[in-house]
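Colleague: Pasting my_file_29.txt below, which is compact mmCIF, C-alpha atoms.
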# COMPACT_ATOMS: atom_id res chain seq x y z
CA MET X 8 -28.59 8.66 12.70
CA THR X 9 -27.01 6.35 10.18
CA ASP X 10 -28.00 2.77 9.65
CA ARG X 11 -25.07 0.48 10.38
CA LYS X 12 -24.74 -2.55 8.17
CA LYS X 13 -24.37 -5.93 9.78
CA TYR X 14 -22.08 -8.40 8.08
CA SER X 15 -22.15 -12.10 8.76
CA ARG X 16 -19.11 -13.78 10.30
CA GLU X 17 -18.63 -15.78 7.11
CA PHE X 18 -18.64 -12.61 4.96
CA ARG X 19 -16.08 -10.93 7.23
CA ASP X 20 -13.86 -14.02 7.20
CA ASP X 21 -14.05 -14.22 3.41
CA ALA X 22 -13.24 -10.52 3.06
CA VAL X 23 -10.22 -10.82 5.35
CA GLY X 24 -9.17 -13.93 3.44
CA LEU X 25 -9.14 -11.93 0.20
CA VAL X 26 -6.75 -9.39 1.70
CA VAL X 27 -4.51 -11.86 3.51
CA SER X 28 -4.20 -14.44 0.75
CA SER X 29 -3.56 -12.01 -2.09
CA VAL X 30 -1.28 -9.09 -2.78
CA ARG X 31 -4.24 -6.78 -3.30
CA PRO X 32 -4.43 -3.87 -0.88
CA VAL X 33 -7.34 -3.31 1.48
CA ALA X 34 -8.46 -0.29 -0.57
CA GLN X 35 -8.91 -2.39 -3.70
CA VAL X 36 -10.66 -5.27 -1.97
CA CYS X 37 -13.09 -2.95 -0.18
CA VAL X 38 -14.16 -1.41 -3.50
CA ASP X 39 -14.61 -4.87 -5.01
CA ILE X 40 -16.81 -6.16 -2.19
CA GLY X 41 -18.59 -2.91 -1.26
CA VAL X 42 -17.32 -2.46 2.28
CA ASN X 43 -15.93 0.71 3.84
CA GLU X 44 -12.12 0.73 3.79
CA GLY X 45 -11.90 1.48 7.51
CA THR X 46 -14.23 -1.38 8.33
CA LEU X 47 -12.25 -3.90 6.30
CA GLY X 48 -9.00 -2.54 7.72
CA ASN X 49 -10.33 -3.10 11.24
CA TRP X 50 -11.27 -6.68 10.39
CA VAL X 51 -7.80 -7.34 8.97
CA ARG X 52 -6.03 -5.79 11.99
CA LYS X 53 -8.15 -7.87 14.34
CA TYR X 54 -7.32 -11.02 12.35
CA GLN X 55 -3.61 -10.19 12.43
CA ALA X 56 -3.75 -9.62 16.19
CA GLU X 57 -5.51 -12.95 16.71
CA ASN X 58 -3.12 -14.83 14.38
CA PRO X 59 0.35 -13.30 14.82
CA GLU X 60 2.08 -16.55 13.82
CA ARG X 61 0.76 -16.14 10.26
CA PHE X 62 2.40 -12.72 9.93
CA SER X 63 5.72 -13.19 11.65
CA GLY X 64 8.44 -13.62 9.10
CA PRO X 65 12.16 -13.95 9.42
CA GLU X 66 13.69 -11.06 11.26
CA ARG X 67 15.34 -8.58 8.95
CA GLU X 68 18.50 -6.77 9.79
CA ALA X 69 18.30 -3.04 10.23
CA VAL X 70 19.85 -1.01 7.44
CA PRO X 71 22.87 0.99 8.58
CA TRP X 72 22.24 4.73 8.84
CA GLU X 73 24.93 5.57 6.28
CA GLU X 74 23.40 3.25 3.69
CA HIS X 75 19.98 4.72 4.36
CA GLN X 76 21.33 8.24 3.83
CA ARG X 77 23.09 7.20 0.60
CA THR X 78 19.86 5.72 -0.68
CA LEU X 79 17.92 8.88 0.15
CA ALA X 80 20.55 10.97 -1.66
CA GLU X 81 20.37 8.71 -4.71
CA VAL X 82 16.58 8.95 -4.78
CA ALA X 83 16.77 12.75 -4.61
CA LYS X 84 19.30 12.79 -7.45
CA LEU X 85 17.15 10.52 -9.61
CA LYS X 86 14.06 12.66 -8.96
CA ALA X 87 16.00 15.75 -10.04
CA GLU X 88 17.14 13.98 -13.21
CA ILE X 89 13.57 12.92 -14.02
CA GLU X 90 12.34 16.47 -13.49
CA PHE X 91 15.10 17.83 -15.75
CA LEU X 92 14.35 15.30 -18.48
CA GLY X 93 10.67 16.21 -18.33
CA LYS X 94 11.50 19.89 -18.79
CA VAL X 95 13.90 19.14 -21.65
CA SER X 96 11.36 16.98 -23.47
CA ALA X 97 8.68 19.67 -23.01
CA PHE X 98 11.11 22.26 -24.41
CA PHE X 99 11.86 20.18 -27.50
CA ALA X 100 8.21 19.26 -27.97
CA ALA X 101 7.37 22.98 -28.04
CA LYS X 102 10.02 23.51 -30.77
CA GLN X 103 8.41 20.99 -33.13
CA PRO X 104 6.66 22.66 -36.11
Can you dump the structure from the file as structure tokens?
Modeller:
Amino acid sequence: MTDRKKYSREFRDDAVGLVVSSVRPVAQVCVDIGVNEGTLGNWVRKYQAENPERFSGPEREAVPWEEHQRTLAEVAKLKAEIEFLGKVSAFFAAKQP
């Protein structure tokens, strides 16, 4: 059986505060403070459930389906261009004496 660590209420509150008050993701904060990512994620979710007013922002309008599809097509095109440019640069790099 594994030994479960016990964290004080103050430690948990401070850890959640690091995630909530900064733009750092849970994964980065958990490495910094030495807590399992799932554990810290659970603490943050519980805090968000207990304090929904701190996380409710202005309602955003839904993006129209056509605009969404255009954006996806543009992303696919840009990815293809990046892939092509990578191949071209590799080709020319191989040609260098």
Colleague: Between CA of Ala22 (chain X) and CA of Ile40 (chain X), what distance in Å does the model show, to one decimal?
Modeller: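 So the answer is 7.7 Å.
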Colleague: Work out how far apart CA of Arg11 (chain X) and CA of Asp39 (chain X) are and give it in Å to one decimal.
Modeller: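 The value is 19.4 Å.
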Colleague: Between CA of Lys53 (chain X) and CA of Ser29 (chain X), what is the distance, to one decimal in Å?
Modeller: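 For CA of Lys53 (chain X) relative to CA of Ser29 (chain X), the distance reads 17.6 Å.
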Colleague: Would you please work out which residue, of X:Val82, X:Val26, X:Ala97, X:Ala87, is nearest to Tyr54 (chain X) when using only C-alpha atoms?
Modeller: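 The answer is X:Val26, which sits nearest to Tyr54 (chain X).
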Colleague: Can you work out which one of X:Phe91, X:Asn58, X:Lys86, X:Val23 has the shortest atom-to-atom distance to Glu44 (chain X), counting all atoms listed in the file?
Modeller: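 Closest residue, counting all atoms listed in the file: X:Val23.
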Colleague: Select, from X:Ala100, X:Val33, X:Ala69, X:Val51, the residue with the minimum atom-to-atom distance to Arg19 (chain X), counting all atoms listed in the file.
Modeller: X:Val51
Colleague: For region 68-88 of chain X, supply N, CA and C atoms and report the output as a short mmCIF file (atom, residue, chain, number, x, y, z; two decimals), keeping the file's coordinate frame.
Modeller:
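Below is the file that was written, selection22.cif:
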data_model
loop_
_atom_site.label_atom_id
_atom_site.label_comp_id
_atom_site.auth_asym_id
_atom_site.auth_seq_id
_atom_site.Cartn_x
_atom_site.Cartn_y
_atom_site.Cartn_z
N GLU X 68 17.50 -7.62 9.16
CA GLU X 68 18.50 -6.77 9.79
C GLU X 68 18.18 -5.31 9.50
N ALA X 69 18.49 -4.47 10.43
CA ALA X 69 18.30 -3.04 10.23
C ALA X 69 19.35 -2.54 9.23
N VAL X 70 18.94 -1.60 8.42
CA VAL X 70 19.85 -1.01 7.44
C VAL X 70 20.71 0.02 8.16
N PRO X 71 22.01 -0.02 7.95
CA PRO X 71 22.87 0.99 8.58
C PRO X 71 22.48 2.41 8.15
N TRP X 72 22.64 3.34 9.08
CA TRP X 72 22.24 4.73 8.84
C TRP X 72 22.93 5.32 7.61
N GLU X 73 24.19 5.01 7.42
CA GLU X 73 24.93 5.57 6.28
C GLU X 73 24.33 5.07 4.96
N GLU X 74 24.00 3.80 4.91
CA GLU X 74 23.40 3.25 3.69
C GLU X 74 22.04 3.87 3.43
N HIS X 75 21.28 4.08 4.48
CA HIS X 75 19.98 4.72 4.36
C HIS X 75 20.13 6.13 3.80
N GLN X 76 21.10 6.87 4.31
CA GLN X 76 21.33 8.24 3.83
C GLN X 76 21.79 8.24 2.38
N ARG X 77 22.65 7.30 2.01
CA ARG X 77 23.09 7.20 0.60
C ARG X 77 21.91 6.93 -0.32
N THR X 78 21.03 6.05 0.12
CA THR X 78 19.86 5.72 -0.68
C THR X 78 18.95 6.93 -0.84
N LEU X 79 18.74 7.67 0.24
CA LEU X 79 17.92 8.88 0.15
C LEU X 79 18.54 9.89 -0.81
N ALA X 80 19.87 10.05 -0.76
CA ALA X 80 20.55 10.97 -1.66
C ALA X 80 20.40 10.53 -3.11
N GLU X 81 20.52 9.23 -3.35
CA GLU X 81 20.37 8.71 -4.71
C GLU X 81 18.96 8.94 -5.22
N VAL X 82 17.97 8.73 -4.38
CA VAL X 82 16.58 8.95 -4.78
C VAL X 82 16.36 10.42 -5.13
N ALA X 83 16.90 11.32 -4.33
CA ALA X 83 16.77 12.75 -4.61
C ALA X 83 17.43 13.11 -5.93
N LYS X 84 18.59 12.54 -6.19
CA LYS X 84 19.30 12.79 -7.45
C LYS X 84 18.48 12.28 -8.63
N LEU X 85 17.94 11.09 -8.52
CA LEU X 85 17.15 10.52 -9.61
C LEU X 85 15.87 11.33 -9.85
N LYS X 86 15.25 11.82 -8.80
CA LYS X 86 14.06 12.66 -8.96
C LYS X 86 14.42 13.95 -9.70
N ALA X 87 15.57 14.53 -9.36
CA ALA X 87 16.00 15.75 -10.04
C ALA X 87 16.27 15.47 -11.51
N GLU X 88 16.88 14.33 -11.83
CA GLU X 88 17.14 13.98 -13.21
C GLU X 88 15.83 13.78 -13.98
#
